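Enquirer: Have a look at this one before I ask anything.
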Amino acid sequence: MDETVRYTYRLRPGRQARAALLDEWGRCRWLWNEAVHQQKSGRKPTFGKLSTLLTEARGGNAWLRAGSQVAQQQTLRTYGTALTHSFKVKGRGRPKKKRKKDALPSLEYTTRGFRIKDGRLRLPNKVTVPVVWSRQLPCDPTSVRVYQDSLGHWYASFVVTREQAAVPDPDLPGIGVDWGVKTTATTTDPAFDLPHLGHRRRSAAELAKAQRRMARRRRPKNQTPSKGYQQAKKQAARIAKKAARQNTHDARVWAKNVTAHHSLIAVEDFKPKFLAKSRMARKAADAAIGAAKRELVERGKRAGRKVVLVPPAYTTMTCSECGERANHRLGLGVRVFECPACGYTACRDLNAARTILATAERDRASADDVRHQIASFRERGSGAVRAGNPPDSSAGSR
């Protein structure tokens, strides 16, 4: 069975190629803003209406006609998809206008608009861009997205098809994952824990220095920023992005290791958004729980593993040995869980990870009381879930 994925590579455009890409982005951005205007004015633009509008605009505007029709059509198609998602996907808002000073360039091409020759990406209007081939493409790509990040670096993201991973060995064990701050991920097997490495904390002093340089060189409002301010701003962005990339790399390596050794992955469906308003906001952002969770879930599904998202309700308060629930919530200062019924003692996060795994193994992961699931698991004589040495981490009492 095949799967569709993206392979991303760094681009090294020259001065002329970079100018051509920015000009093309200016045309596509104008079309996007025009589509937003059509929607706000109540004309309900469909892709067919927008395509007709594009044909008329290209016929009467030489500036627009000088660009690639493929990139412009894909811009309108992307707008149509975004508009549809705003009605169907919860939390998605209506497409907004792209301002030149805020929106980053992004161009999409289908097979009619690009090709790869002699290791270079060839785009319309004789634009040729060298590609840093960090790995080989598994097949011929069906489309490509050329975009620029906040640091000014250009990338090409190819859509390709590759063979999906084989079905995992059913004899592989399961693992439960509980998210935290001091230790980003506590698992039922301490060998697979993801420690909090603190990349942002290590770069905090260098980032603060760059931000102070920005503050000293900031000009009054409505004045053109100085070159020194722009350099300081770029340096601060480079430092912040380096820490984010380190977190992403660590999460990918850890997720790959967990996926390769387990057939069942029980993940706490923890949403760290509320931590942004707490006193742990900075440390929670450094832990990057959301990025680690996303990498684990995506890699697990791609590898054919059974990934179960377990609601976090009562997982910290429930004993993973007997299923009894504590009468009160455990404060953050309480690092050891003690069951008043059976006397079981373990690290609170290890106990929560075992509870999550037991819930997933019963195949009844829901928002209901977890205690009943573990109690039935115990009554049928299945035994306790494997335990390990208690680490030290927490994302808060749940």
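Residues in the structure tokens are numbered from 1 in each chain, the chains being A, B, ... in the order shown, and ligands are numbered from 1 in the order shown.
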Contacts of A:Asn327 at 12 Å or less, counting only C-alpha atoms, minus same-chain residues fewer than 6 places along, as a ChimeraX atom specification?
Expert: /A:314,316-319,338-341
Enquirer: From the DSSP assignment of the backbone, select every residue of stretch 96-161 of chain A that is strand (DSSP E or B), and format the answer as a PyMOL selection string.
Expert: chain A and resi 106-110+115-117+120-123+127-132+143-148+154-161
Enquirer: Just the residues within 8 Å of stretch 2-4 of chain A, please, counting only C-alpha atoms, with nothing from its chain fewer than 6 positions along; format it as a list in words.
Expert: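 In the requested form, the answer reads Val159, Val160, Thr161, Arg162, Glu163 and Gln164 of chain A.
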Enquirer: List every residue of stretch 138-361 of chain A that DSSP, applied to the backbone, labels as alpha helix (DSSP H), and write the result as a PyMOL selection string.
Expert: chain A and resi 199-202+204-217+227-261+281-287+289-302+348-361
Enquirer: For A:Tyr155, which residue among A:Leu50, A:Ala204, A:Leu11, A:Cys139 is the nearest when counting only C-alpha atoms?
Expert: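 For A:Tyr155, the nearest of the candidates is A:Leu11.
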Enquirer: For atom CA of A:Lys221 and atom CA of A:Trp30, quote the distance in Å rounded to one decimal.
Expert: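 Atom-to-atom, atom CA of A:Lys221 to atom CA of A:Trp30, that is 26.3 Å.
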Enquirer: Which residues are near A:Arg145? Cut-off 9 Å, only C-alpha atoms, ignore same chain within fewer than 2 positions. Put them as JSON, numbers by chain.
Expert: {"A": [106, 107, 108, 109, 110, 143, 147, 155, 156, 157, 158, 159]}
Enquirer: Report as a VMD selection string all protein, DNA and RNA residues lying within 12 Å of A:Ala215, evaluated on only C-alpha atoms, omitting residues in the same chain fewer than 2 positions from it.
Expert: chain A and resid 208 to 213 217 to 220 225 to 226 228 to 230 232 to 233 236
Enquirer: Take the residues just selected and output them with all heavy atoms as a tab-separated table (two decimals), in the first residue's frame.
Expert:
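Generated output (part-v1.tsv):
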```
chain	number	residue	atom	x	y	z
A	208	ALA	N	18.14	37.41	24.20
A	208	ALA	CA	17.90	38.67	24.89
A	208	ALA	C	18.87	39.76	24.41
A	208	ALA	O	18.49	40.93	24.27
A	208	ALA	CB	18.03	38.48	26.40
A	209	LYS	N	20.09	39.36	24.12
A	209	LYS	CA	21.08	40.32	23.62
A	209	LYS	C	20.65	40.86	22.26
A	209	LYS	O	20.74	42.07	22.01
A	209	LYS	CB	22.44	39.64	23.52
A	209	LYS	CG	23.57	40.57	23.08
A	209	LYS	CD	24.90	39.83	23.05
A	209	LYS	CE	26.02	40.75	22.59
A	209	LYS	NZ	27.33	40.03	22.55
A	210	ALA	N	20.17	39.99	21.38
A	210	ALA	CA	19.71	40.44	20.07
A	210	ALA	C	18.48	41.32	20.19
A	210	ALA	O	18.32	42.30	19.44
A	210	ALA	CB	19.42	39.23	19.18
A	211	GLN	N	17.58	41.00	21.12
A	211	GLN	CA	16.38	41.82	21.30
A	211	GLN	C	16.71	43.19	21.87
A	211	GLN	O	16.07	44.18	21.52
A	211	GLN	CB	15.40	41.08	22.19
A	211	GLN	CG	14.79	39.85	21.53
A	211	GLN	CD	13.94	39.05	22.48
A	211	GLN	OE1	14.04	39.17	23.70
A	211	GLN	NE2	13.09	38.18	21.93
A	212	ARG	N	17.70	43.27	22.75
A	212	ARG	CA	18.13	44.59	23.26
A	212	ARG	C	18.75	45.42	22.14
A	212	ARG	O	18.56	46.64	22.08
A	212	ARG	CB	19.13	44.41	24.40
A	212	ARG	CG	18.52	43.90	25.69
A	212	ARG	CD	19.47	44.09	26.85
A	212	ARG	NE	20.71	43.31	26.67
A	212	ARG	CZ	20.88	42.07	27.11
A	212	ARG	NH1	19.90	41.45	27.75
A	212	ARG	NH2	22.03	41.45	26.92
A	213	ARG	N	19.47	44.76	21.26
A	213	ARG	CA	20.03	45.47	20.10
A	213	ARG	C	18.90	46.01	19.21
A	213	ARG	O	18.99	47.11	18.67
A	213	ARG	CB	20.93	44.53	19.32
A	213	ARG	CG	21.76	45.25	18.25
A	213	ARG	CD	22.65	44.29	17.48
A	213	ARG	NE	23.60	43.64	18.35
A	213	ARG	CZ	23.61	42.34	18.61
A	213	ARG	NH1	22.70	41.56	18.07
A	213	ARG	NH2	24.51	41.81	19.40
A	217	ARG	N	17.97	50.15	18.38
A	217	ARG	CA	18.00	50.63	17.01
A	217	ARG	C	16.61	50.85	16.41
A	217	ARG	O	16.48	51.10	15.21
A	217	ARG	CB	18.78	49.65	16.13
A	217	ARG	CG	20.23	49.50	16.61
A	217	ARG	CD	20.98	48.46	15.81
A	217	ARG	NE	22.36	48.34	16.28
A	217	ARG	CZ	23.26	47.52	15.76
A	217	ARG	NH1	22.92	46.73	14.75
A	217	ARG	NH2	24.48	47.48	16.24
A	218	ARG	N	15.59	50.71	17.23
A	218	ARG	CA	14.23	50.90	16.72
A	218	ARG	C	13.96	52.38	16.47
A	218	ARG	O	14.21	53.23	17.32
A	218	ARG	CB	13.22	50.35	17.72
A	218	ARG	CG	11.79	50.36	17.20
A	218	ARG	CD	10.83	49.99	18.31
A	218	ARG	NE	11.13	48.70	18.86
A	218	ARG	CZ	10.66	47.55	18.39
A	218	ARG	NH1	9.86	47.57	17.34
A	218	ARG	NH2	10.98	46.41	18.95
A	219	ARG	N	13.41	52.67	15.32
A	219	ARG	CA	13.07	54.04	14.96
A	219	ARG	C	11.62	54.34	15.32
A	219	ARG	O	10.83	53.42	15.55
A	219	ARG	CB	13.29	54.26	13.46
A	219	ARG	CG	14.76	54.31	13.06
A	219	ARG	CD	14.91	54.54	11.58
A	219	ARG	NE	16.31	54.69	11.20
A	219	ARG	CZ	16.73	54.86	9.94
A	219	ARG	NH1	15.84	54.92	8.96
A	219	ARG	NH2	18.01	54.97	9.68
A	220	PRO	N	11.23	55.60	15.37
A	220	PRO	CA	9.83	55.94	15.67
A	220	PRO	C	8.89	55.34	14.63
A	220	PRO	O	9.29	54.96	13.54
A	220	PRO	CB	9.82	57.47	15.65
A	220	PRO	CG	11.23	57.86	15.91
A	220	PRO	CD	12.09	56.79	15.30
A	225	PRO	N	12.63	51.25	8.92
A	225	PRO	CA	13.59	50.65	9.86
A	225	PRO	C	15.01	50.73	9.30
A	225	PRO	O	15.24	50.62	8.10
A	225	PRO	CB	13.11	49.20	9.96
A	225	PRO	CG	11.69	49.22	9.52
A	225	PRO	CD	11.59	50.31	8.50
A	226	SER	N	15.96	50.95	10.20
A	226	SER	CA	17.35	51.03	9.79
A	226	SER	C	17.89	49.65	9.43
A	226	SER	O	17.32	48.62	9.79
A	226	SER	CB	18.19	51.64	10.92
A	226	SER	OG	18.19	50.78	12.04
A	228	GLY	N	20.60	48.36	10.60
A	228	GLY	CA	21.03	47.70	11.83
A	228	GLY	C	19.88	47.04	12.57
A	228	GLY	O	20.04	45.95	13.13
A	229	TYR	N	18.71	47.68	12.56
A	229	TYR	CA	17.54	47.07	13.20
A	229	TYR	C	17.12	45.81	12.48
A	229	TYR	O	16.79	44.79	13.11
A	229	TYR	CB	16.39	48.08	13.22
A	229	TYR	CG	15.09	47.51	13.71
A	229	TYR	CD1	14.83	47.38	15.08
A	229	TYR	CD2	14.12	47.07	12.81
A	229	TYR	CE1	13.64	46.84	15.52
A	229	TYR	CE2	12.93	46.54	13.26
A	229	TYR	CZ	12.70	46.43	14.61
A	229	TYR	OH	11.51	45.88	15.06
A	230	GLN	N	17.12	45.83	11.16
A	230	GLN	CA	16.74	44.66	10.40
A	230	GLN	C	17.72	43.50	10.61
A	230	GLN	O	17.31	42.35	10.70
A	230	GLN	CB	16.65	45.02	8.91
A	230	GLN	CG	15.53	46.00	8.60
A	230	GLN	CD	15.51	46.41	7.14
A	230	GLN	OE1	16.47	46.17	6.40
A	230	GLN	NE2	14.43	47.05	6.71
A	232	ALA	N	19.53	43.02	13.37
A	232	ALA	CA	19.29	42.51	14.72
A	232	ALA	C	18.01	41.67	14.78
A	232	ALA	O	17.95	40.65	15.47
A	232	ALA	CB	19.21	43.67	15.71
A	233	LYS	N	16.99	42.10	14.05
A	233	LYS	CA	15.74	41.34	14.02
A	233	LYS	C	15.94	39.98	13.37
A	233	LYS	O	15.42	38.96	13.85
A	233	LYS	CB	14.69	42.14	13.24
A	233	LYS	CG	13.32	41.49	13.18
A	233	LYS	CD	12.34	42.35	12.42
A	233	LYS	CE	10.96	41.68	12.35
A	233	LYS	NZ	9.99	42.53	11.61
A	236	ALA	N	17.77	37.69	15.84
A	236	ALA	CA	16.88	37.17	16.88
A	236	ALA	C	15.99	36.06	16.33
A	236	ALA	O	15.77	35.04	17.00
A	236	ALA	CB	16.02	38.32	17.44
```
Enquirer: Give me, as a compact mmCIF listing (two decimals) with C-alpha atoms, in the first residue's frame, all polymer residues having an atom no more than 7 Å from A:Leu330, counting only C-alpha atoms and skipping those fewer than 2 positions away in the same chain.
Expert:
```txt
# COMPACT_ATOMS: atom_id res chain seq x y z
CA MET A 317 -5.66 10.40 40.37
CA HIS A 328 -8.66 14.68 45.98
CA LEU A 332 2.12 19.81 41.66
CA VAL A 334 3.20 15.85 45.25
CA SER A 397 -2.41 17.71 38.05
```
Enquirer: Ranking A:Ala205, A:Ala185, A:Val267, A:Cys342 by minimum distance to A:Leu309 and counting only C-alpha atoms, which one comes first?
Expert: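 Of the candidates, the smallest distance to A:Leu309 is held by A:Val267.
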Enquirer: Find the spatial neighbours of stretch 69-80 of chain A, counting only C-alpha atoms, within a cut-off of 10 Å - ignore same-chain residues fewer than 2 positions away - and output them as a PyMOL selection string.
Expert: chain A and resi 24-25+27-36+45-48+50-51+54-55+58+64-67+82-86+94-96+106-114+123-124+145
Enquirer: To one decimal place in Å, what is the distance between atom CA of A:Leu172 and atom CA of A:His262?
Expert: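 Computing the Euclidean distance for atom CA of A:Leu172 and atom CA of A:His262 yields 5.2 Å.
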Enquirer: Could you check the closest approach to A:Arg238 for each of A:Asp140, A:Asp23, A:Asp178, A:Glu206 and tell me which residue wins, using only C-alpha atoms?
Expert: A:Glu206
